[in-house]
Amino acid sequence: MAFFKRELSPVGRFESALKSKQAERQKLADRLSLAEAVLGEKRAAAAQLAVAGASNAKLERADAKLRDVEDRAKTLRVALDDLDKQILATERALADARAQRERELLADQIELLAAAIERAVPGFAAGATSLVDAVTKGAVMVPEASGFSASVDAVRREVLSAADLVCWELRTLAVRTRAGNANVALLPPPAAEEPRPPEIERQSIYTLSSLLWREGGEVRKAPAFALVELPKALLPVALRHQHVDYLNARRVQTLMHVHGSAGVEKDAVDEAQCIDLDALAADELTNTRADVA
């Protein structure tokens, strides 16, 4: 004997309620059909009495019975109409509950993906650190090995920053999905990145000011509070002057929650308000030469 019943989910409760109301409607429809059949018989009987010239007493009794049956049929029709409205409302609630269940399942899968990335990050970081240590703690220093070590360390920092960002974005998407604010059925495949010029090395970075720089005669601009791919040659000067910061920096995580990562100036960036990184780097170089001289 079962002492405890498993609590039904919202979908289960609405399905059970809908099934019960549909069964109740069938019974009510059967009663109405029977009442209407009796009503037809009473009308025919009253008509026959009138044609046969029955007494007023008989006609009044027939009319009274006819009115009783008519009232009962009218009551059943009203009840059936009300039950149809209840069934319609229950069907809508069931559809909403099923949609919410699908959103919950999808949000769970998104959160599992974020958790899987987070579990994999320490292994990647440990492997990259081991590669760097193999060079930096070696008995000799070779330029080729040192360059390799620096590249691995840069990739490690970038991947860790990107992992933090994507996990935060995935969990934000999961919250929006549960609330019904994200119209997603399946996550789309990642868009293929456009090939970058091989001569320019870049770093994913978060801007704290509006910036501009030049690449091959073209002026590139970026708004404040945006995730951009900045040329690595300009990264040191931008960091020194507090115009950018790494994605895993605490203040960057806070600013992303407040401003996002698309930039405050979404339509256009006023060039006059931008920090010219090329000019800033040139000024630093000039000052350094003057100090040496």
# chains A, B, ... in the order shown; residues from 1 in each chain; ligands from 1

call {"tool": "residues_around", "arguments": {"residues": "range 203-218 of chain A", "least_positions_apart": "2", "cutoff": "8 Å", "atoms": "only C-alpha atoms", "output": "PyMOL selection string"}}
result
chain A and resi 158+201+220-232+235+242-247+252+261+269+271+273-278

call {"tool": "write_last_selection", "arguments": {"atoms": "N, CA and C atoms", "output": "tab-separated table (two decimals), in the first residue's frame"}}
result
chain	number	residue	atom	x	y	z
A	158	GLU	N	44.08	34.52	-22.24
A	158	GLU	CA	42.94	34.84	-23.10
A	158	GLU	C	41.84	33.80	-22.99
A	201	GLU	N	48.64	40.62	-34.67
A	201	GLU	CA	48.23	39.79	-33.54
A	201	GLU	C	47.29	40.60	-32.67
A	220	ARG	N	40.31	52.65	-37.19
A	220	ARG	CA	39.41	51.74	-36.45
A	220	ARG	C	39.00	52.42	-35.15
A	221	LYS	N	37.71	52.32	-34.81
A	221	LYS	CA	37.21	52.96	-33.59
A	221	LYS	C	36.44	51.93	-32.76
A	222	ALA	N	36.45	52.15	-31.44
A	222	ALA	CA	35.71	51.27	-30.53
A	222	ALA	C	35.10	52.12	-29.43
A	223	PRO	N	33.83	51.87	-29.08
A	223	PRO	CA	33.20	52.64	-28.01
A	223	PRO	C	33.68	52.19	-26.63
A	224	ALA	N	33.37	52.97	-25.63
A	224	ALA	CA	33.68	52.58	-24.26
A	224	ALA	C	32.78	51.43	-23.83
A	225	PHE	N	33.30	50.59	-22.94
A	225	PHE	CA	32.57	49.46	-22.37
A	225	PHE	C	32.15	48.46	-23.46
A	226	ALA	N	33.14	48.07	-24.26
A	226	ALA	CA	32.88	47.12	-25.34
A	226	ALA	C	33.99	46.07	-25.36
A	227	LEU	N	33.64	44.90	-25.85
A	227	LEU	CA	34.61	43.83	-26.04
A	227	LEU	C	35.17	43.97	-27.45
A	228	VAL	N	36.49	44.21	-27.56
A	228	VAL	CA	37.11	44.44	-28.86
A	228	VAL	C	38.36	43.58	-28.99
A	229	GLU	N	38.80	43.44	-30.24
A	229	GLU	CA	40.04	42.75	-30.57
A	229	GLU	C	41.09	43.83	-30.86
A	230	LEU	N	41.89	44.14	-29.89
A	230	LEU	CA	42.87	45.21	-30.01
A	230	LEU	C	44.21	44.65	-30.47
A	231	PRO	N	44.89	45.31	-31.40
A	231	PRO	CA	46.23	44.86	-31.79
A	231	PRO	C	47.15	44.79	-30.57
A	232	LYS	N	47.90	43.70	-30.45
A	232	LYS	CA	48.75	43.51	-29.29
A	232	LYS	C	49.84	44.58	-29.19
A	235	LEU	N	48.42	47.18	-27.01
A	235	LEU	CA	47.87	46.76	-25.72
A	235	LEU	C	48.64	47.34	-24.54
A	242	GLN	N	45.21	53.02	-18.47
A	242	GLN	CA	43.91	52.65	-17.90
A	242	GLN	C	42.74	52.89	-18.87
A	243	HIS	N	43.01	52.67	-20.17
A	243	HIS	CA	41.93	52.79	-21.15
A	243	HIS	C	41.28	51.45	-21.48
A	244	VAL	N	41.92	50.33	-21.10
A	244	VAL	CA	41.39	48.98	-21.29
A	244	VAL	C	41.76	48.14	-20.08
A	245	ASP	N	41.15	46.97	-20.00
A	245	ASP	CA	41.54	46.01	-18.97
A	245	ASP	C	41.18	44.60	-19.45
A	246	TYR	N	41.80	43.60	-18.80
A	246	TYR	CA	41.56	42.21	-19.18
A	246	TYR	C	40.15	41.78	-18.80
A	247	LEU	N	39.63	40.78	-19.52
A	247	LEU	CA	38.24	40.34	-19.32
A	247	LEU	C	38.02	39.72	-17.95
A	252	VAL	N	36.08	44.72	-14.60
A	252	VAL	CA	35.49	44.45	-15.92
A	252	VAL	C	34.24	43.60	-15.77
A	261	SER	N	28.58	44.36	-23.06
A	261	SER	CA	29.85	44.29	-23.79
A	261	SER	C	29.74	44.81	-25.22
A	269	VAL	N	30.60	56.39	-32.92
A	269	VAL	CA	31.62	56.81	-31.98
A	269	VAL	C	32.17	58.15	-32.47
A	271	GLU	N	34.72	60.67	-33.09
A	271	GLU	CA	36.17	60.57	-33.19
A	271	GLU	C	36.86	61.59	-32.30
A	273	GLN	N	36.06	62.47	-29.39
A	273	GLN	CA	36.06	62.02	-28.01
A	273	GLN	C	36.92	60.78	-27.78
A	274	CYS	N	37.52	60.25	-28.86
A	274	CYS	CA	38.28	59.01	-28.75
A	274	CYS	C	39.72	59.26	-28.31
A	275	ILE	N	40.27	58.30	-27.60
A	275	ILE	CA	41.69	58.30	-27.26
A	275	ILE	C	42.45	57.70	-28.44
A	276	ASP	N	43.41	58.47	-28.98
A	276	ASP	CA	44.21	58.01	-30.11
A	276	ASP	C	45.38	57.18	-29.58
A	277	LEU	N	45.27	55.87	-29.69
A	277	LEU	CA	46.30	54.98	-29.14
A	277	LEU	C	47.62	55.11	-29.91
A	278	ASP	N	47.55	55.32	-31.22
A	278	ASP	CA	48.78	55.50	-31.98
A	278	ASP	C	49.54	56.73	-31.52

call {"tool": "residues_around", "arguments": {"residues": "Leu106 in chain A", "least_positions_apart": "2", "cutoff": "8 Å", "atoms": "only C-alpha atoms", "output": "MDAnalysis selection string"}}
result
chainID A and resid 102:104 108:110 174 177 185:186

call {"tool": "write_last_selection", "arguments": {"atoms": "N, CA and C atoms", "output": "PDB file, in the first residue's frame"}}
result
ATOM      1  N   GLU A 102       9.551  22.966 -21.379  1.00  0.00           N
ATOM      2  CA  GLU A 102      10.582  22.946 -22.420  1.00  0.00           C
ATOM      3  C   GLU A 102      11.660  23.988 -22.146  1.00  0.00           C
ATOM      4  N   ARG A 103      11.228  25.169 -21.674  1.00  0.00           N
ATOM      5  CA  ARG A 103      12.219  26.198 -21.342  1.00  0.00           C
ATOM      6  C   ARG A 103      13.111  25.762 -20.184  1.00  0.00           C
ATOM      7  N   GLU A 104      12.513  25.107 -19.184  1.00  0.00           N
ATOM      8  CA  GLU A 104      13.295  24.634 -18.042  1.00  0.00           C
ATOM      9  C   GLU A 104      14.323  23.596 -18.481  1.00  0.00           C
ATOM     10  N   ASP A 108      18.320  24.075 -18.240  1.00  0.00           N
ATOM     11  CA  ASP A 108      19.171  23.096 -17.544  1.00  0.00           C
ATOM     12  C   ASP A 108      20.340  22.665 -18.428  1.00  0.00           C
ATOM     13  N   GLN A 109      20.063  22.442 -19.704  1.00  0.00           N
ATOM     14  CA  GLN A 109      21.130  22.032 -20.628  1.00  0.00           C
ATOM     15  C   GLN A 109      22.168  23.142 -20.803  1.00  0.00           C
ATOM     16  N   ILE A 110      21.698  24.399 -20.847  1.00  0.00           N
ATOM     17  CA  ILE A 110      22.632  25.520 -20.972  1.00  0.00           C
ATOM     18  C   ILE A 110      23.509  25.616 -19.727  1.00  0.00           C
ATOM     19  N   ALA A 174      20.488  31.238 -19.600  1.00  0.00           N
ATOM     20  CA  ALA A 174      19.646  30.256 -18.911  1.00  0.00           C
ATOM     21  C   ALA A 174      18.559  30.942 -18.093  1.00  0.00           C
ATOM     22  N   THR A 177      16.012  32.299 -20.445  1.00  0.00           N
ATOM     23  CA  THR A 177      15.237  31.203 -21.031  1.00  0.00           C
ATOM     24  C   THR A 177      14.163  30.732 -20.066  1.00  0.00           C
ATOM     25  N   ALA A 185      15.110  27.751 -29.322  1.00  0.00           N
ATOM     26  CA  ALA A 185      14.750  26.336 -29.252  1.00  0.00           C
ATOM     27  C   ALA A 185      16.016  25.516 -29.149  1.00  0.00           C
ATOM     28  N   LEU A 186      16.962  25.848 -29.978  1.00  0.00           N
ATOM     29  CA  LEU A 186      18.283  25.222 -29.942  1.00  0.00           C
ATOM     30  C   LEU A 186      19.318  26.318 -30.123  1.00  0.00           C
TER      31      LEU A 186
END

call {"tool": "atom_distance", "arguments": {"atom1": "CA of Cys167 in chain A", "atom2": "CA of Ala116 in chain A"}}
result
9.6 Å

call {"tool": "residues_around", "arguments": {"residues": "Thr129 in chain A", "least_positions_apart": "2", "cutoff": "12 Å", "atoms": "only C-alpha atoms", "output": "number ranges by chain"}}
result
A: 122-127, 131-137, 149-157

call {"tool": "write_last_selection", "arguments": {"atoms": "N, CA and C atoms", "output": "CSV table (one decimal), in the first residue's frame"}}
result
chain,number,residue,atom,x,y,z
A,122,PRO,N,40.2,24.3,-15.3
A,122,PRO,CA,41.4,24.0,-14.5
A,122,PRO,C,42.4,23.1,-15.2
A,123,GLY,N,41.9,22.1,-15.9
A,123,GLY,CA,42.8,21.1,-16.6
A,123,GLY,C,43.5,21.9,-17.7
A,124,PHE,N,42.9,22.7,-18.4
A,124,PHE,CA,43.5,23.5,-19.4
A,124,PHE,C,44.6,24.4,-18.8
A,125,ALA,N,44.2,25.1,-17.7
A,125,ALA,CA,45.1,26.1,-17.1
A,125,ALA,C,46.3,25.3,-16.5
A,126,ALA,N,46.1,24.1,-15.9
A,126,ALA,CA,47.3,23.4,-15.4
A,126,ALA,C,48.2,22.9,-16.5
A,127,GLY,N,47.6,22.5,-17.6
A,127,GLY,CA,48.4,22.0,-18.8
A,127,GLY,C,49.3,23.2,-19.3
A,131,LEU,N,53.4,23.8,-19.4
A,131,LEU,CA,54.2,24.1,-20.5
A,131,LEU,C,55.1,25.4,-20.3
A,132,VAL,N,54.5,26.4,-19.7
A,132,VAL,CA,55.3,27.6,-19.4
A,132,VAL,C,56.4,27.3,-18.4
A,133,ASP,N,56.1,26.5,-17.3
A,133,ASP,CA,57.1,26.1,-16.3
A,133,ASP,C,58.3,25.3,-16.9
A,134,ALA,N,57.9,24.5,-17.9
A,134,ALA,CA,59.0,23.7,-18.6
A,134,ALA,C,60.0,24.5,-19.2
A,135,VAL,N,59.6,25.7,-19.7
A,135,VAL,CA,60.6,26.6,-20.3
A,135,VAL,C,61.2,27.5,-19.3
A,136,THR,N,60.4,28.2,-18.4
A,136,THR,CA,60.9,29.2,-17.5
A,136,THR,C,61.8,28.6,-16.4
A,137,LYS,N,61.5,27.3,-16.1
A,137,LYS,CA,62.3,26.7,-15.0
A,137,LYS,C,63.4,25.8,-15.5
A,149,SER,N,56.9,30.0,-24.8
A,149,SER,CA,56.4,30.1,-23.5
A,149,SER,C,55.5,31.4,-23.4
A,150,ALA,N,56.0,32.5,-23.9
A,150,ALA,CA,55.2,33.7,-23.9
A,150,ALA,C,53.9,33.6,-24.6
A,151,SER,N,53.9,32.9,-25.8
A,151,SER,CA,52.7,32.7,-26.5
A,151,SER,C,51.7,31.8,-25.8
A,152,VAL,N,52.2,30.8,-25.2
A,152,VAL,CA,51.3,29.9,-24.4
A,152,VAL,C,50.7,30.6,-23.2
A,153,ASP,N,51.5,31.4,-22.5
A,153,ASP,CA,51.0,32.2,-21.4
A,153,ASP,C,49.9,33.2,-21.8
A,154,ALA,N,50.1,33.8,-23.0
A,154,ALA,CA,49.1,34.8,-23.5
A,154,ALA,C,47.8,34.0,-23.9
A,155,VAL,N,48.0,32.9,-24.5
A,155,VAL,CA,46.8,32.1,-24.9
A,155,VAL,C,46.1,31.7,-23.6
A,156,ARG,N,46.8,31.2,-22.6
A,156,ARG,CA,46.2,30.8,-21.4
A,156,ARG,C,45.3,31.9,-20.8
A,157,ARG,N,45.9,33.1,-20.7
A,157,ARG,CA,45.2,34.2,-20.1
A,157,ARG,C,43.9,34.5,-20.9

call {"tool": "select_by_dssp", "arguments": {"residues": "range 22-252 of chain A", "states": "alpha helix (DSSP H)", "output": "PyMOL selection string"}}
result
chain A and resi 22-52+56-136+143-179+235-240+250-252

call {"tool": "write_last_selection", "arguments": {"atoms": "C-alpha atoms", "output": "short mmCIF file (atom, residue, chain, number, x, y, z; two decimals), in the first residue's frame"}}
result
data_model
loop_
_atom_site.label_atom_id
_atom_site.label_comp_id
_atom_site.auth_asym_id
_atom_site.auth_seq_id
_atom_site.Cartn_x
_atom_site.Cartn_y
_atom_site.Cartn_z
CA GLN A 22 -13.59 16.56 -20.63
CA ALA A 23 -15.19 13.53 -18.94
CA GLU A 24 -17.54 15.82 -17.03
CA ARG A 25 -18.45 17.59 -20.26
CA GLN A 26 -19.31 14.29 -21.95
CA LYS A 27 -21.66 13.39 -19.09
CA LEU A 28 -23.26 16.84 -19.20
CA ALA A 29 -23.66 16.65 -22.98
CA ASP A 30 -25.37 13.24 -22.62
CA ARG A 31 -27.79 14.68 -20.04
CA LEU A 32 -28.55 17.65 -22.29
CA SER A 33 -29.18 15.35 -25.25
CA LEU A 34 -31.60 13.30 -23.16
CA ALA A 35 -33.36 16.44 -21.88
CA GLU A 36 -33.78 17.79 -25.40
CA ALA A 37 -35.24 14.46 -26.51
CA VAL A 38 -37.75 14.58 -23.63
CA LEU A 39 -38.49 18.22 -24.50
CA GLY A 40 -39.39 17.19 -28.04
CA GLU A 41 -41.69 14.49 -26.76
CA LYS A 42 -43.43 16.91 -24.33
CA ARG A 43 -43.95 19.46 -27.09
CA ALA A 44 -45.46 16.82 -29.36
CA ALA A 45 -47.75 15.60 -26.55
CA ALA A 46 -48.91 19.14 -25.75
CA ALA A 47 -49.63 19.77 -29.41
CA GLN A 48 -51.67 16.57 -29.67
CA LEU A 49 -53.74 17.54 -26.61
CA ALA A 50 -54.43 20.95 -28.11
CA VAL A 51 -55.49 19.42 -31.43
CA ALA A 52 -57.70 16.85 -29.66
CA ASN A 56 -57.89 23.49 -19.95
CA ALA A 57 -56.72 21.56 -16.88
CA LYS A 58 -54.98 18.95 -19.04
CA LEU A 59 -53.44 21.62 -21.24
CA GLU A 60 -52.13 23.53 -18.19
CA ARG A 61 -50.59 20.36 -16.73
CA ALA A 62 -48.95 19.61 -20.10
CA ASP A 63 -47.64 23.19 -20.32
CA ALA A 64 -46.24 22.98 -16.76
CA LYS A 65 -44.38 19.76 -17.57
CA LEU A 66 -43.11 21.30 -20.82
CA ARG A 67 -41.79 24.38 -18.96
CA ASP A 68 -40.05 22.15 -16.39
CA VAL A 69 -38.25 20.24 -19.13
CA GLU A 70 -37.39 23.49 -20.97
CA ASP A 71 -35.93 25.01 -17.77
CA ARG A 72 -33.88 21.87 -17.14
CA ALA A 73 -32.54 21.88 -20.71
CA LYS A 74 -31.72 25.62 -20.47
CA THR A 75 -29.83 25.03 -17.20
CA LEU A 76 -27.86 22.21 -18.80
CA ARG A 77 -26.96 24.40 -21.81
CA VAL A 78 -25.65 27.18 -19.53
CA ALA A 79 -23.64 24.65 -17.52
CA LEU A 80 -22.22 23.13 -20.70
CA ASP A 81 -21.22 26.55 -22.05
CA ASP A 82 -19.49 27.40 -18.76
CA LEU A 83 -17.66 24.08 -18.78
CA ASP A 84 -16.49 24.68 -22.36
CA LYS A 85 -14.93 27.97 -21.20
CA GLN A 86 -13.21 26.16 -18.33
CA ILE A 87 -11.85 23.54 -20.72
CA LEU A 88 -10.50 26.25 -23.03
CA ALA A 89 -8.77 27.99 -20.12
CA THR A 90 -7.31 24.69 -18.92
CA GLU A 91 -6.01 23.89 -22.43
CA ARG A 92 -4.26 27.27 -22.55
CA ALA A 93 -2.77 26.74 -19.09
CA LEU A 94 -1.59 23.28 -20.16
CA ALA A 95 0.07 24.72 -23.27
CA ASP A 96 1.82 27.36 -21.12
CA ALA A 97 2.97 24.70 -18.64
CA ARG A 98 4.35 22.54 -21.43
CA ALA A 99 6.19 25.54 -22.92
CA GLN A 100 7.65 26.36 -19.50
CA ARG A 101 8.75 22.74 -19.08
CA GLU A 102 10.58 22.95 -22.42
CA ARG A 103 12.22 26.20 -21.34
CA GLU A 104 13.30 24.63 -18.04
CA LEU A 105 14.84 21.66 -19.84
CA LEU A 106 16.69 23.93 -22.25
CA ALA A 107 17.90 26.18 -19.42
CA ASP A 108 19.17 23.10 -17.54
CA GLN A 109 21.13 22.03 -20.63
CA ILE A 110 22.63 25.52 -20.97
CA GLU A 111 23.69 25.50 -17.32
CA LEU A 112 25.19 22.03 -17.73
CA LEU A 113 27.22 23.37 -20.65
CA ALA A 114 28.51 26.24 -18.50
CA ALA A 115 29.37 23.81 -15.70
CA ALA A 116 31.21 21.51 -18.15
CA ILE A 117 33.30 24.44 -19.38
CA GLU A 118 34.13 25.44 -15.80
CA ARG A 119 35.18 21.87 -14.96
CA ALA A 120 37.45 21.74 -18.01
CA VAL A 121 39.13 25.12 -17.37
CA PRO A 122 41.40 24.01 -14.47
CA GLY A 123 42.77 21.15 -16.56
CA PHE A 124 43.54 23.50 -19.42
CA ALA A 125 45.12 26.06 -17.08
CA ALA A 126 47.26 23.39 -15.39
CA GLY A 127 48.45 22.05 -18.76
CA ALA A 128 49.32 25.53 -20.03
CA THR A 129 51.12 26.34 -16.77
CA SER A 130 53.13 23.15 -17.05
CA LEU A 131 54.24 24.13 -20.55
CA VAL A 132 55.29 27.57 -19.35
CA ASP A 133 57.13 26.12 -16.34
CA ALA A 134 58.95 23.66 -18.56
CA VAL A 135 60.58 26.63 -20.29
CA THR A 136 60.94 29.18 -17.50
CA PRO A 143 64.87 32.50 -27.57
CA GLU A 144 62.66 30.08 -29.48
CA ALA A 145 61.52 28.38 -26.26
CA SER A 146 61.01 31.73 -24.52
CA GLY A 147 58.83 32.94 -27.39
CA PHE A 148 56.83 29.75 -27.26
CA SER A 149 56.40 30.13 -23.49
CA ALA A 150 55.19 33.73 -23.86
CA SER A 151 52.68 32.70 -26.55
CA VAL A 152 51.32 29.86 -24.39
CA ASP A 153 50.97 32.17 -21.40
CA ALA A 154 49.13 34.77 -23.51
CA VAL A 155 46.80 32.10 -24.89
CA ARG A 156 46.20 30.80 -21.36
CA ARG A 157 45.17 34.23 -20.08
CA GLU A 158 42.94 34.84 -23.10
CA VAL A 159 41.23 31.46 -22.85
CA LEU A 160 40.62 31.86 -19.11
CA SER A 161 39.12 35.31 -19.70
CA ALA A 162 36.98 34.00 -22.55
CA ALA A 163 35.83 31.03 -20.43
CA ASP A 164 34.73 33.36 -17.61
CA LEU A 165 32.84 35.51 -20.11
CA VAL A 166 31.11 32.67 -21.93
CA CYS A 167 30.06 30.99 -18.66
CA TRP A 168 28.55 34.26 -17.45
CA GLU A 169 26.75 34.71 -20.80
CA LEU A 170 25.47 31.12 -20.73
CA ARG A 171 24.07 31.49 -17.21
CA THR A 172 22.47 34.80 -18.17
CA LEU A 173 20.89 33.07 -21.18
CA ALA A 174 19.65 30.26 -18.91
CA VAL A 175 17.94 32.78 -16.61
CA ARG A 176 16.33 34.55 -19.58
CA THR A 177 15.24 31.20 -21.03
CA ARG A 178 13.51 30.16 -17.79
CA ALA A 179 11.71 33.51 -17.68
CA LEU A 235 47.87 46.76 -25.72
CA PRO A 236 50.70 47.82 -23.34
CA VAL A 237 50.12 51.56 -23.80
CA ALA A 238 46.34 51.15 -23.48
CA LEU A 239 46.80 49.18 -20.24
CA ARG A 240 49.30 51.63 -18.78
CA ARG A 250 37.07 42.19 -11.27
CA ARG A 251 36.09 45.69 -12.37
CA VAL A 252 35.49 44.45 -15.92
#

call {"tool": "decode", "arguments": {"residues": "range 73-82 of chain A", "atoms": "all heavy atoms", "output": "PDB file, in the first residue's frame"}}
result
ATOM      1  N   ALA A  73     -33.422  21.868 -19.542  1.00  0.00           N
ATOM      2  CA  ALA A  73     -32.538  21.885 -20.715  1.00  0.00           C
ATOM      3  C   ALA A  73     -31.750  23.193 -20.789  1.00  0.00           C
ATOM      4  O   ALA A  73     -30.560  23.205 -21.126  1.00  0.00           O
ATOM      5  CB  ALA A  73     -33.363  21.691 -21.985  1.00  0.00           C
ATOM      6  N   LYS A  74     -32.407  24.327 -20.450  1.00  0.00           N
ATOM      7  CA  LYS A  74     -31.720  25.623 -20.465  1.00  0.00           C
ATOM      8  C   LYS A  74     -30.588  25.639 -19.433  1.00  0.00           C
ATOM      9  O   LYS A  74     -29.485  26.134 -19.708  1.00  0.00           O
ATOM     10  CB  LYS A  74     -32.726  26.737 -20.172  1.00  0.00           C
ATOM     11  CG  LYS A  74     -32.114  28.122 -20.216  1.00  0.00           C
ATOM     12  CD  LYS A  74     -33.179  29.187 -19.956  1.00  0.00           C
ATOM     13  CE  LYS A  74     -32.574  30.589 -19.983  1.00  0.00           C
ATOM     14  NZ  LYS A  74     -33.607  31.638 -19.717  1.00  0.00           N
ATOM     15  N   THR A  75     -30.854  25.088 -18.247  1.00  0.00           N
ATOM     16  CA  THR A  75     -29.830  25.029 -17.199  1.00  0.00           C
ATOM     17  C   THR A  75     -28.634  24.185 -17.651  1.00  0.00           C
ATOM     18  O   THR A  75     -27.473  24.544 -17.425  1.00  0.00           O
ATOM     19  CB  THR A  75     -30.423  24.444 -15.905  1.00  0.00           C
ATOM     20  OG1 THR A  75     -31.512  25.281 -15.467  1.00  0.00           O
ATOM     21  CG2 THR A  75     -29.370  24.363 -14.818  1.00  0.00           C
ATOM     22  N   LEU A  76     -28.927  23.076 -18.318  1.00  0.00           N
ATOM     23  CA  LEU A  76     -27.857  22.210 -18.796  1.00  0.00           C
ATOM     24  C   LEU A  76     -27.029  22.896 -19.880  1.00  0.00           C
ATOM     25  O   LEU A  76     -25.809  22.733 -19.939  1.00  0.00           O
ATOM     26  CB  LEU A  76     -28.438  20.893 -19.316  1.00  0.00           C
ATOM     27  CG  LEU A  76     -29.017  19.960 -18.249  1.00  0.00           C
ATOM     28  CD1 LEU A  76     -29.723  18.770 -18.895  1.00  0.00           C
ATOM     29  CD2 LEU A  76     -27.907  19.462 -17.321  1.00  0.00           C
ATOM     30  N   ARG A  77     -27.690  23.684 -20.756  1.00  0.00           N
ATOM     31  CA  ARG A  77     -26.960  24.402 -21.810  1.00  0.00           C
ATOM     32  C   ARG A  77     -26.007  25.430 -21.199  1.00  0.00           C
ATOM     33  O   ARG A  77     -24.858  25.571 -21.649  1.00  0.00           O
ATOM     34  CB  ARG A  77     -27.943  25.099 -22.756  1.00  0.00           C
ATOM     35  CG  ARG A  77     -28.723  24.156 -23.649  1.00  0.00           C
ATOM     36  CD  ARG A  77     -29.442  24.919 -24.747  1.00  0.00           C
ATOM     37  NE  ARG A  77     -30.483  24.095 -25.372  1.00  0.00           N
ATOM     38  CZ  ARG A  77     -31.769  24.145 -25.036  1.00  0.00           C
ATOM     39  NH1 ARG A  77     -32.185  25.003 -24.093  1.00  0.00           N
ATOM     40  NH2 ARG A  77     -32.644  23.360 -25.630  1.00  0.00           N
ATOM     41  N   VAL A  78     -26.498  26.175 -20.196  1.00  0.00           N
ATOM     42  CA  VAL A  78     -25.649  27.176 -19.534  1.00  0.00           C
ATOM     43  C   VAL A  78     -24.449  26.496 -18.870  1.00  0.00           C
ATOM     44  O   VAL A  78     -23.310  26.972 -18.963  1.00  0.00           O
ATOM     45  CB  VAL A  78     -26.471  27.977 -18.504  1.00  0.00           C
ATOM     46  CG1 VAL A  78     -25.551  28.873 -17.671  1.00  0.00           C
ATOM     47  CG2 VAL A  78     -27.523  28.830 -19.205  1.00  0.00           C
ATOM     48  N   ALA A  79     -24.727  25.374 -18.188  1.00  0.00           N
ATOM     49  CA  ALA A  79     -23.643  24.649 -17.518  1.00  0.00           C
ATOM     50  C   ALA A  79     -22.627  24.124 -18.527  1.00  0.00           C
ATOM     51  O   ALA A  79     -21.409  24.158 -18.290  1.00  0.00           O
ATOM     52  CB  ALA A  79     -24.217  23.494 -16.695  1.00  0.00           C
ATOM     53  N   LEU A  80     -23.118  23.645 -19.678  1.00  0.00           N
ATOM     54  CA  LEU A  80     -22.215  23.127 -20.704  1.00  0.00           C
ATOM     55  C   LEU A  80     -21.356  24.246 -21.297  1.00  0.00           C
ATOM     56  O   LEU A  80     -20.152  24.058 -21.538  1.00  0.00           O
ATOM     57  CB  LEU A  80     -23.033  22.447 -21.809  1.00  0.00           C
ATOM     58  CG  LEU A  80     -22.230  21.696 -22.879  1.00  0.00           C
ATOM     59  CD1 LEU A  80     -21.437  20.552 -22.249  1.00  0.00           C
ATOM     60  CD2 LEU A  80     -23.156  21.154 -23.965  1.00  0.00           C
ATOM     61  N   ASP A  81     -21.974  25.416 -21.515  1.00  0.00           N
ATOM     62  CA  ASP A  81     -21.216  26.550 -22.050  1.00  0.00           C
ATOM     63  C   ASP A  81     -20.125  26.986 -21.066  1.00  0.00           C
ATOM     64  O   ASP A  81     -18.991  27.275 -21.467  1.00  0.00           O
ATOM     65  CB  ASP A  81     -22.180  27.707 -22.336  1.00  0.00           C
ATOM     66  CG  ASP A  81     -21.466  28.910 -22.942  1.00  0.00           C
ATOM     67  OD1 ASP A  81     -20.947  28.782 -24.062  1.00  0.00           O
ATOM     68  OD2 ASP A  81     -21.412  29.964 -22.281  1.00  0.00           O
ATOM     69  N   ASP A  82     -20.466  27.031 -19.776  1.00  0.00           N
ATOM     70  CA  ASP A  82     -19.489  27.401 -18.756  1.00  0.00           C
ATOM     71  C   ASP A  82     -18.348  26.385 -18.691  1.00  0.00           C
ATOM     72  O   ASP A  82     -17.172  26.757 -18.554  1.00  0.00           O
ATOM     73  CB  ASP A  82     -20.182  27.513 -17.395  1.00  0.00           C
ATOM     74  CG  ASP A  82     -19.227  27.949 -16.297  1.00  0.00           C
ATOM     75  OD1 ASP A  82     -18.685  29.066 -16.390  1.00  0.00           O
ATOM     76  OD2 ASP A  82     -18.988  27.161 -15.358  1.00  0.00           O
TER      77      ASP A  82
END
